[in-house]
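Novice: Next comes upload-v1.cif, mmCIF, C-alpha atoms and all ligand atoms:
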```cif
data_start
#
loop_
_atom_site.label_atom_id
_atom_site.label_comp_id
_atom_site.auth_asym_id
_atom_site.auth_seq_id
_atom_site.Cartn_x
_atom_site.Cartn_y
_atom_site.Cartn_z
CA MET A 198 0.00 0.00 0.00
CA THR A 199 1.46 3.33 -1.01
CA SER A 200 0.27 6.89 -0.61
CA GLU A 201 1.88 10.29 -0.74
CA ASN A 202 3.61 10.04 2.61
CA PHE A 203 3.74 6.27 3.18
CA LEU A 204 5.82 3.59 1.46
CA TRP A 205 5.49 -0.13 2.16
CA PHE A 206 8.18 -2.67 1.22
CA GLU A 207 7.78 -6.46 1.57
CA GLN A 208 11.38 -6.69 2.73
CA LEU A 209 14.34 -4.38 3.35
CA SER A 210 17.72 -4.60 5.03
CA SER A 211 16.72 -1.77 7.40
CA THR A 212 14.05 0.92 7.13
CA ASN A 213 16.49 3.41 8.69
CA LYS A 214 18.99 2.65 5.92
CA THR A 215 16.37 2.99 3.16
CA ALA A 216 15.05 6.22 4.72
CA TRP A 217 18.25 8.00 3.66
CA GLN A 218 17.14 7.60 0.01
CA TYR A 219 13.92 9.47 0.82
CA ILE A 220 15.44 12.12 3.07
CA ASP A 221 14.03 15.03 1.01
CA LYS A 222 10.44 13.83 1.24
CA GLN A 223 7.88 15.79 3.24
CA SER A 224 8.10 15.83 7.01
CA GLY A 225 6.41 12.79 8.54
CA PHE A 226 7.15 10.52 5.55
CA CYS A 227 7.08 6.84 6.51
CA ILE A 228 8.99 3.83 5.18
CA ALA A 229 7.65 0.57 6.59
CA THR A 230 8.37 -3.08 5.92
CA GLY A 231 7.29 -6.59 6.86
CA PHE A 232 10.81 -7.88 7.33
CA GLN A 233 14.31 -6.51 7.90
CA SER A 234 17.34 -8.65 7.09
CA SER A 235 19.71 -6.33 9.01
CA GLY A 236 17.52 -4.45 11.46
CA ARG A 237 19.53 -2.02 13.56
CA GLY A 238 19.15 -1.43 17.27
CA GLN A 239 20.69 1.01 19.70
CA ALA A 240 24.36 0.88 20.60
CA GLY A 241 25.28 -1.12 17.49
CA ASN A 242 22.98 -4.01 18.43
CA SER A 243 20.75 -5.73 15.89
CA TRP A 244 16.93 -5.67 15.94
CA THR A 245 15.25 -8.91 15.00
CA SER A 246 11.59 -9.58 14.31
CA GLU A 247 9.65 -12.54 12.89
CA PRO A 248 8.50 -11.81 9.29
CA ASN A 249 5.23 -9.87 8.98
CA LYS A 250 4.52 -9.84 12.68
CA ASN A 251 5.65 -6.46 13.96
CA LEU A 252 5.83 -2.80 13.06
CA LEU A 253 9.21 -1.93 11.54
CA ALA A 254 9.15 1.64 10.31
CA SER A 255 11.21 4.80 9.90
CA TYR A 256 9.72 8.28 9.85
CA ILE A 257 11.53 11.27 8.35
CA PHE A 258 11.01 14.61 10.08
CA SER A 259 12.23 18.10 9.14
CA LEU A 260 13.13 19.94 12.32
CA ASP A 261 14.64 23.10 13.73
CA ILE A 262 16.24 21.98 16.98
CA LYS A 263 19.68 22.81 18.36
CA PRO A 264 22.08 19.83 18.50
CA ALA A 265 22.54 20.54 22.23
CA GLU A 266 18.81 19.96 22.70
CA CYS A 267 18.42 16.98 20.40
CA PHE A 268 17.22 14.67 23.19
CA ALA A 269 13.90 16.51 22.73
CA ILE A 270 13.48 14.33 19.60
CA SER A 271 13.68 11.19 21.75
CA MET A 272 11.21 12.68 24.21
CA ILE A 273 8.70 13.62 21.50
CA THR A 274 9.00 10.21 19.80
CA SER A 275 8.59 8.32 23.08
CA LEU A 276 5.49 10.36 23.92
CA ALA A 277 4.02 9.61 20.48
CA VAL A 278 4.49 5.85 20.94
CA VAL A 279 3.01 6.01 24.45
CA SER A 280 0.02 7.93 23.12
CA LEU A 281 -0.51 5.39 20.30
CA LEU A 282 -0.47 2.56 22.84
CA LYS A 283 -2.85 4.48 25.08
CA SER A 284 -5.30 4.74 22.16
CA TYR A 285 -5.30 0.90 22.11
CA GLY A 286 -6.00 0.77 25.85
CA CYS A 287 -2.45 -0.08 26.80
CA THR A 288 -0.59 1.90 29.48
CA ALA A 289 3.11 2.31 28.70
CA GLU A 290 6.16 3.78 30.40
CA ILE A 291 9.49 4.99 29.06
CA LYS A 292 12.78 3.45 30.10
CA TRP A 293 15.50 6.07 29.62
CA PRO A 294 16.51 6.95 27.02
CA ASN A 295 13.69 5.65 24.83
CA ASP A 296 12.65 2.05 25.37
CA ILE A 297 8.89 1.68 25.63
CA ILE A 298 7.78 -0.59 28.45
CA VAL A 299 4.46 -2.26 29.20
CA ASP A 300 3.96 -4.51 32.22
CA ASN A 301 7.71 -4.27 33.01
CA LYS A 302 8.68 -5.56 29.54
CA LYS A 303 9.97 -3.86 26.40
CA ILE A 304 7.35 -3.51 23.68
CA ALA A 305 9.14 -1.00 21.42
CA GLY A 306 12.59 0.33 20.63
CA ILE A 307 13.57 3.59 18.97
CA LEU A 308 16.66 4.37 16.89
CA ILE A 309 17.13 8.01 15.91
CA GLU A 310 19.63 9.28 13.33
CA ASN A 311 20.01 13.04 12.93
CA ILE A 312 21.29 15.26 10.14
CA VAL A 313 22.97 18.29 11.64
CA SER A 314 23.76 21.39 9.61
CA GLY A 315 25.51 24.25 11.40
CA ASP A 316 23.76 24.79 14.70
CA LYS A 317 20.62 22.96 13.70
CA VAL A 318 19.29 19.41 13.58
CA GLU A 319 17.57 19.69 10.20
CA LYS A 320 16.29 16.19 9.69
CA SER A 321 15.74 13.17 11.78
CA ILE A 322 15.24 9.56 10.77
CA ILE A 323 13.19 7.99 13.51
CA GLY A 324 13.25 4.20 13.38
CA ILE A 325 10.68 2.39 15.48
CA GLY A 326 10.27 -1.31 16.12
CA LEU A 327 6.97 -2.02 17.88
CA ASN A 328 6.07 -5.59 18.71
CA LEU A 329 2.54 -6.30 17.51
CA ASN A 330 1.66 -9.92 16.76
CA GLN A 331 4.76 -11.84 17.81
CA THR A 332 4.25 -13.78 21.03
CA GLU A 333 7.49 -15.72 21.39
CA PHE A 334 10.79 -13.95 21.91
CA ALA A 335 13.51 -16.60 22.23
CA GLY A 336 16.35 -15.38 24.43
CA LEU A 337 14.54 -12.10 25.22
CA PRO A 338 12.74 -12.67 28.52
CA ASN A 339 12.04 -8.93 28.84
CA ALA A 340 10.18 -8.55 25.52
CA THR A 341 6.42 -8.30 25.03
CA SER A 342 3.91 -7.42 22.29
CA LEU A 343 0.47 -5.91 21.87
CA LYS A 344 -1.00 -9.33 21.07
CA PHE A 345 0.53 -10.78 24.21
CA ILE A 346 -1.08 -8.02 26.27
CA LEU A 347 -4.40 -7.38 24.50
CA LYS A 348 -4.96 -10.92 23.08
CA LYS A 349 -5.76 -9.69 19.57
CA GLU A 350 -4.05 -9.23 16.22
CA PHE A 351 -3.05 -5.86 14.77
CA ASP A 352 -2.70 -4.85 11.11
CA ILE A 353 0.88 -3.65 10.65
CA GLN A 354 0.24 -0.98 8.00
CA THR A 355 -2.74 0.43 9.90
CA VAL A 356 -0.64 0.75 13.06
CA ALA A 357 2.25 2.29 11.07
CA ARG A 358 -0.13 4.98 9.77
CA GLU A 359 -1.67 5.56 13.20
CA LEU A 360 1.81 5.98 14.65
CA GLN A 361 2.63 8.39 11.81
CA HIS A 362 -0.38 10.45 12.87
CA CYS A 363 0.70 10.41 16.55
CA LEU A 364 4.25 11.47 15.61
CA ILE A 365 3.10 14.30 13.34
CA THR A 366 0.78 15.58 16.10
CA GLU A 367 3.46 15.33 18.79
CA PHE A 368 6.10 17.14 16.64
CA GLU A 369 3.53 19.77 15.70
CA ASN A 370 2.78 20.37 19.42
CA ASN A 371 6.46 20.53 20.35
CA LYS A 372 8.20 22.70 17.76
CA LYS A 373 10.67 23.82 20.44
CA PRO A 374 11.83 21.94 23.52
CA SER A 375 9.86 23.13 26.54
CA GLN A 376 9.59 22.45 30.26
CA GLU A 377 6.15 21.01 29.56
CA LEU A 378 7.65 18.45 27.16
CA LYS A 379 10.29 17.50 29.71
CA LYS A 380 7.63 17.15 32.43
CA SER A 381 5.43 14.89 30.27
CA TYR A 382 8.44 12.66 29.46
CA PHE A 383 9.68 12.65 33.05
CA GLU A 384 6.30 11.62 34.46
CA LEU A 385 6.30 8.53 32.25
CA LEU A 386 9.76 7.33 33.23
CA PHE A 387 9.94 3.68 34.25
CA ARG A 388 11.14 3.08 37.84
CA LYS A 389 12.20 6.72 38.20
CA ASP A 390 11.81 6.72 41.99
CA ARG A 391 13.98 3.71 42.66
CA ALA A 392 16.05 1.34 40.56
CA MET A 393 19.40 -0.41 40.52
CA TYR A 394 21.99 0.93 38.09
CA ARG A 395 25.44 -0.08 36.93
CA ASP A 396 28.08 2.38 35.75
CA ASN A 397 31.79 1.81 35.02
CA ASN A 398 32.65 1.71 38.69
CA SER A 399 29.84 0.10 40.62
CA THR A 400 26.29 -1.09 41.02
CA PHE A 401 24.12 1.31 43.00
CA GLU A 402 20.56 2.25 43.87
CA GLY A 403 19.27 5.60 42.68
CA LYS A 404 16.41 7.90 41.85
CA ILE A 405 16.10 9.89 38.61
CA ILE A 406 15.85 13.56 39.46
CA ASP A 407 16.19 15.22 36.06
CA ILE A 408 16.79 14.73 32.34
CA ASP A 409 18.46 17.44 30.25
CA PHE A 410 17.60 18.23 26.65
CA ASP A 411 21.13 17.11 25.77
CA GLY A 412 20.19 13.63 27.06
CA ALA A 413 21.98 13.71 30.41
CA LEU A 414 20.29 11.60 33.05
CA LYS A 415 20.71 12.91 36.61
CA ILE A 416 20.56 10.23 39.26
CA GLN A 417 20.55 10.83 42.98
CA LYS A 418 22.33 7.93 44.62
CA SER A 419 21.34 6.50 48.00
CA ASP A 420 24.23 8.42 49.66
CA ASN A 421 22.50 11.60 48.32
CA CYS A 422 25.22 12.56 45.84
CA THR A 423 24.07 13.29 42.29
CA GLU A 424 25.68 11.94 39.13
CA SER A 425 25.02 12.81 35.46
CA TYR A 426 25.19 10.15 32.78
CA TYR A 427 24.87 10.05 29.01
CA PHE A 428 23.58 7.08 27.03
CA LYS A 429 25.79 3.98 27.41
CA GLU A 430 27.50 5.37 30.54
CA VAL A 431 24.94 3.79 32.84
CA GLN A 432 22.55 0.90 32.64
CA MET A 433 19.38 0.28 34.61
CA LEU A 434 19.30 -3.27 35.95
CA TYR A 435 15.87 -4.83 35.66
C1 LIG A 501 16.55 -0.47 20.14
O1 LIG A 501 17.63 -1.07 20.14
O2 LIG A 501 15.82 -0.48 21.13
C2 LIG A 501 16.13 0.31 18.93
C3 LIG A 501 15.48 -0.58 17.93
C4 LIG A 501 14.98 0.14 16.70
C5 LIG A 501 14.45 -0.83 15.68
C6 LIG A 501 13.80 -0.15 14.51
S1 LIG A 501 12.93 -1.28 13.48
C7 LIG A 501 12.71 -0.04 12.29
C8 LIG A 501 13.99 0.76 12.23
N1 LIG A 501 14.92 0.16 11.30
C9 LIG A 501 15.98 -0.35 11.92
O3 LIG A 501 16.92 -0.95 11.34
N2 LIG A 501 15.90 -0.13 13.23
C10 LIG A 501 14.71 0.61 13.58
#
```
I'd like the structure from this file rewritten - as structure tokens, please.
Specialist:
Amino acid sequence: MTSENFLWFEQLSSTNKTAWQYIDKQSGFCIATGFQSSGRGQAGNSWTSEPNKNLLASYIFSLDIKPAECFAISMITSLAVVSLLKSYGCTAEIKWPNDIIVDNKKIAGILIENIVSGDKVEKSIIGIGLNLNQTEFAGLPNATSLKFILKKEFDIQTVARELQHCLITEFENNKKPSQELKKSYFELLFRKDRAMYRDNNSTFEGKIIDIDFDGALKIQKSDNCTESYYFKEVQMLY
């Protein structure tokens, strides 16, 4: 199914990779597929999905955000996925930086690639993998899907278009990073009041006290000292 701002492919290596060929399309343009042979995850990991079971899509957005505030893109995207899930009757949380969690398990992952020009993030390729109809996740005890939770099947292309709508609305409502955006994201953070973390030096208990628009996570440790971490510098143990 193809329309002006939506392209469907039976199979691709990665929707994020293909999105680069469509980078000049209108903001909100979506590339979706039924199967990825080399799906990419965060931190150089791969993203696997059974064929034609889950949403695998990349959305291209034209933006005007400062590179130092580019974590706002993660916040906006996470809020859009949470709002999509809410429309299906499913309450989700966000595990920093942008894993989407339902019932303590990961239902969706987000991989964002930005094009920076001067002091501006001009374009963003927002790759989203959302588990829809897959119910077995070998070797991934912390994975879940909409079917697992709601006991019904979802049409992949319909969900990809509904998510496109949620993203367009959320980007429209958040043209500039704001305290309101940060508050909405913060309120949805998974285990923000207490969790175990591991950094390079130790394992510790902490509470999230703030997130900066540059992506820094501020954790107050149980001895009351506060530490700031960027992605990959700390891991929540769960
Ligand atoms: C993560 O590791 O949590 C991020 C996973 C992102 C996966 C999606 S699937 C669609 C898009 N294309 C890719 O190759 N990756 C993203």
Novice: So how far away is atom CA of A:Asp407 from atom CA of A:Thr423, in Å?
Specialist: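 Between atom CA of A:Thr423 and atom CA of A:Asp407 the gap is 10.2 Å.
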Novice: What's around A:Asp390 at 8 Å? Count only C-alpha atoms, leave out sequence neighbours fewer than 4 positions away in its own chain, and write the answer as a PyMOL selection string.
Specialist: chain A and resi 403-405
Novice: For the atom pair atom CA of A:Gly286 and atom CA of A:Ile273, what is the interatomic distance in Å to one decimal place?
Specialist: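 Between these atoms lies a distance of 20.0 Å.
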Novice: Which residues form the shell of 7 Å around ligand LIG 501 (chain A) when you count only C-alpha atoms and all ligand atoms, given as a list in words?
Specialist: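 The residues near ligand LIG 501 (chain A) are Ser211, Thr212, Asn213, Lys214, Ser235, Gly236, Arg237, Gly238, Gln239, Asn242, Trp244, Leu253, Ala254, Ser255, Asp296, Ala305, Gly306, Ile307, Leu308, Gly324, Ile325 and Gly326 of chain A.
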Novice: Given all atoms listed in the file as the basis, pick out the residue of A:Ser246, A:Lys344, A:Asn202, A:Thr230 nearest to A:Thr215.
Specialist: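 Nearest candidate to A:Thr215 out of A:Ser246, A:Lys344, A:Asn202, A:Thr230: A:Thr230.
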Novice: Set the distance at 10 Å and use only C-alpha atoms: which residues neighbour A:Phe401 once local chain neighbours fewer than 4 positions away are removed? I'd like the list as a tab-separated table (two decimals) with C-alpha atoms, in the frame of the given file.
Specialist:
```
chain	number	residue	atom	x	y	z
A	392	ALA	CA	16.05	1.34	40.56
A	393	MET	CA	19.40	-0.41	40.52
A	394	TYR	CA	21.99	0.93	38.09
A	395	ARG	CA	25.44	-0.08	36.93
A	396	ASP	CA	28.08	2.38	35.75
A	418	LYS	CA	22.33	7.93	44.62
A	419	SER	CA	21.34	6.50	48.00
A	420	ASP	CA	24.23	8.42	49.66
A	433	MET	CA	19.38	0.28	34.61
A	434	LEU	CA	19.30	-3.27	35.95
```
Novice: Within 7 Å of A:Phe226, counting all atoms listed in the file, which residues qualify if same-chain residues fewer than 3 places away don't, as a list in words?
Specialist: Asn202, Phe203, Lys222, Gln223, Tyr256 and Ile257 of chain A
Novice: Record the distance separating atom CA of A:Lys303 and atom CA of A:Leu282, expressed in Å with one decimal.
Specialist: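 Separation between atom CA of A:Lys303 and atom CA of A:Leu282: 12.8 Å.
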Novice: List as an MDAnalysis selection string: which residues have an atom within 7 Å of (3.7, -1.2, 27.2), counting all atoms listed in the file?
Specialist: chainID A and resid 287:290 297:300 303:304
Novice: May I ask which of the residues A:Glu333, A:Glu367, A:Asp316, A:Glu430 is the closest one to A:Phe345, counting all atoms listed in the file?
Specialist: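 Closest residue, counting all atoms listed in the file: A:Glu333.
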Novice: Point out the residue among A:Lys379, A:Lys320, A:Arg391, A:Lys283 with the least atom-to-atom distance to A:Trp217, counting all atoms listed in the file.
Specialist: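 Of A:Lys379, A:Lys320, A:Arg391, A:Lys283, the one nearest A:Trp217, counting all atoms listed in the file, is A:Lys320.
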Novice: If we count only C-alpha atoms, what is near A:Tyr427 at a cut-off of 10 Å, once residues fewer than 4 positions away on the same chain are taken out, given as a PyMOL selection string?
Specialist: chain A and resi 294+408-409+411-415+431
Novice: Write out as number ranges by chain the residues lying within 12 Å of A:Val313, counting all atoms listed in the file and excluding same-chain residues fewer than 3 positions away.
Specialist: A: 259-267, 310, 316-322
Novice: For a quick check of understanding, using all atoms listed in the file, which of A:Asn249, A:Thr332, A:Ser425, A:Asn371 has the smallest distance to A:Ser271?
Specialist: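 For A:Ser271, the nearest of the candidates is A:Asn371.
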Novice: Which protein, DNA or RNA residues are at most 7 Å from (8.4, 15.6, 13.1) in the file's coordinates when you count all atoms listed in the file, listed as a VMD selection string?
Specialist: chain A and resid 224 to 225 258 to 260 364 to 365 368 to 369
Novice: Can you work out which one of A:Thr274, A:Thr400, A:Gln233, A:Asn328 has the shortest atom-to-atom distance to A:Asp352, counting only C-alpha atoms?
Specialist: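 For A:Asp352, the nearest of the given residues is A:Asn328.
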Novice: For A:Pro338, which residue among A:Phe383, A:Trp205, A:Tyr435, A:Trp293 is the nearest when counting all atoms listed in the file?
Specialist: A:Tyr435
Novice: Could you work out an axis-aligned box for stretch 275-285 of chain A, taking every atom the file lists and adding 6 Å on each side, and report centre and edge lengths in Å to one decimal, as lines of an AutoDock Vina configuration file?
Specialist:
```
center_x = 1.6
center_y = 5.6
center_z = 22.7
size_x = 25.9
size_y = 21.5
size_z = 16.8
```
Novice: Using the atoms already present, construct N, CA and C atoms for stretch 293-311 of chain A and hand them back as a PDB file, in the coordinates of the input.
Specialist:
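Below is the file that was written, selection.pdb:
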```pdb
ATOM      1  N   TRP A 293      14.482   5.176  30.197  1.00  0.00           N
ATOM      2  CA  TRP A 293      15.500   6.070  29.620  1.00  0.00           C
ATOM      3  C   TRP A 293      16.545   5.291  28.836  1.00  0.00           C
ATOM      4  N   PRO A 294      16.955   5.704  27.644  1.00  0.00           N
ATOM      5  CA  PRO A 294      16.510   6.950  27.020  1.00  0.00           C
ATOM      6  C   PRO A 294      15.188   6.827  26.264  1.00  0.00           C
ATOM      7  N   ASN A 295      14.942   5.705  25.589  1.00  0.00           N
ATOM      8  CA  ASN A 295      13.690   5.650  24.830  1.00  0.00           C
ATOM      9  C   ASN A 295      13.184   4.238  24.531  1.00  0.00           C
ATOM     10  N   ASP A 296      13.309   3.356  25.506  1.00  0.00           N
ATOM     11  CA  ASP A 296      12.650   2.050  25.370  1.00  0.00           C
ATOM     12  C   ASP A 296      11.218   2.219  25.876  1.00  0.00           C
ATOM     13  N   ILE A 297      10.289   1.578  25.198  1.00  0.00           N
ATOM     14  CA  ILE A 297       8.890   1.680  25.630  1.00  0.00           C
ATOM     15  C   ILE A 297       8.523   0.373  26.334  1.00  0.00           C
ATOM     16  N   ILE A 298       7.998   0.547  27.541  1.00  0.00           N
ATOM     17  CA  ILE A 298       7.780  -0.590  28.450  1.00  0.00           C
ATOM     18  C   ILE A 298       6.295  -0.724  28.786  1.00  0.00           C
ATOM     19  N   VAL A 299       5.820  -1.970  28.718  1.00  0.00           N
ATOM     20  CA  VAL A 299       4.460  -2.260  29.200  1.00  0.00           C
ATOM     21  C   VAL A 299       4.567  -3.484  30.111  1.00  0.00           C
ATOM     22  N   ASP A 300       3.913  -3.411  31.247  1.00  0.00           N
ATOM     23  CA  ASP A 300       3.960  -4.510  32.220  1.00  0.00           C
ATOM     24  C   ASP A 300       5.410  -4.957  32.501  1.00  0.00           C
ATOM     25  N   ASN A 301       6.293  -4.004  32.680  1.00  0.00           N
ATOM     26  CA  ASN A 301       7.710  -4.270  33.010  1.00  0.00           C
ATOM     27  C   ASN A 301       8.502  -4.901  31.870  1.00  0.00           C
ATOM     28  N   LYS A 302       7.942  -4.955  30.658  1.00  0.00           N
ATOM     29  CA  LYS A 302       8.680  -5.560  29.540  1.00  0.00           C
ATOM     30  C   LYS A 302       8.747  -4.599  28.365  1.00  0.00           C
ATOM     31  N   LYS A 303       9.784  -4.784  27.529  1.00  0.00           N
ATOM     32  CA  LYS A 303       9.970  -3.860  26.400  1.00  0.00           C
ATOM     33  C   LYS A 303       9.047  -4.233  25.242  1.00  0.00           C
ATOM     34  N   ILE A 304       8.263  -3.274  24.804  1.00  0.00           N
ATOM     35  CA  ILE A 304       7.350  -3.510  23.680  1.00  0.00           C
ATOM     36  C   ILE A 304       7.851  -2.791  22.418  1.00  0.00           C
ATOM     37  N   ALA A 305       8.644  -1.743  22.591  1.00  0.00           N
ATOM     38  CA  ALA A 305       9.140  -1.000  21.420  1.00  0.00           C
ATOM     39  C   ALA A 305      10.504  -0.394  21.677  1.00  0.00           C
ATOM     40  N   GLY A 306      11.276  -0.309  20.578  1.00  0.00           N
ATOM     41  CA  GLY A 306      12.590   0.330  20.630  1.00  0.00           C
ATOM     42  C   GLY A 306      12.656   1.431  19.579  1.00  0.00           C
ATOM     43  N   ILE A 307      13.480   2.410  19.847  1.00  0.00           N
ATOM     44  CA  ILE A 307      13.570   3.590  18.970  1.00  0.00           C
ATOM     45  C   ILE A 307      15.038   3.847  18.627  1.00  0.00           C
ATOM     46  N   LEU A 308      15.297   4.057  17.336  1.00  0.00           N
ATOM     47  CA  LEU A 308      16.660   4.370  16.890  1.00  0.00           C
ATOM     48  C   LEU A 308      16.616   5.637  16.047  1.00  0.00           C
ATOM     49  N   ILE A 309      17.218   6.699  16.573  1.00  0.00           N
ATOM     50  CA  ILE A 309      17.130   8.010  15.910  1.00  0.00           C
ATOM     51  C   ILE A 309      18.472   8.383  15.288  1.00  0.00           C
ATOM     52  N   GLU A 310      18.428   8.790  14.011  1.00  0.00           N
ATOM     53  CA  GLU A 310      19.630   9.280  13.330  1.00  0.00           C
ATOM     54  C   GLU A 310      19.354  10.707  12.872  1.00  0.00           C
ATOM     55  N   ASN A 311      20.243  11.631  13.232  1.00  0.00           N
ATOM     56  CA  ASN A 311      20.010  13.040  12.930  1.00  0.00           C
ATOM     57  C   ASN A 311      20.937  13.581  11.849  1.00  0.00           C
TER      58      ASN A 311
END
```
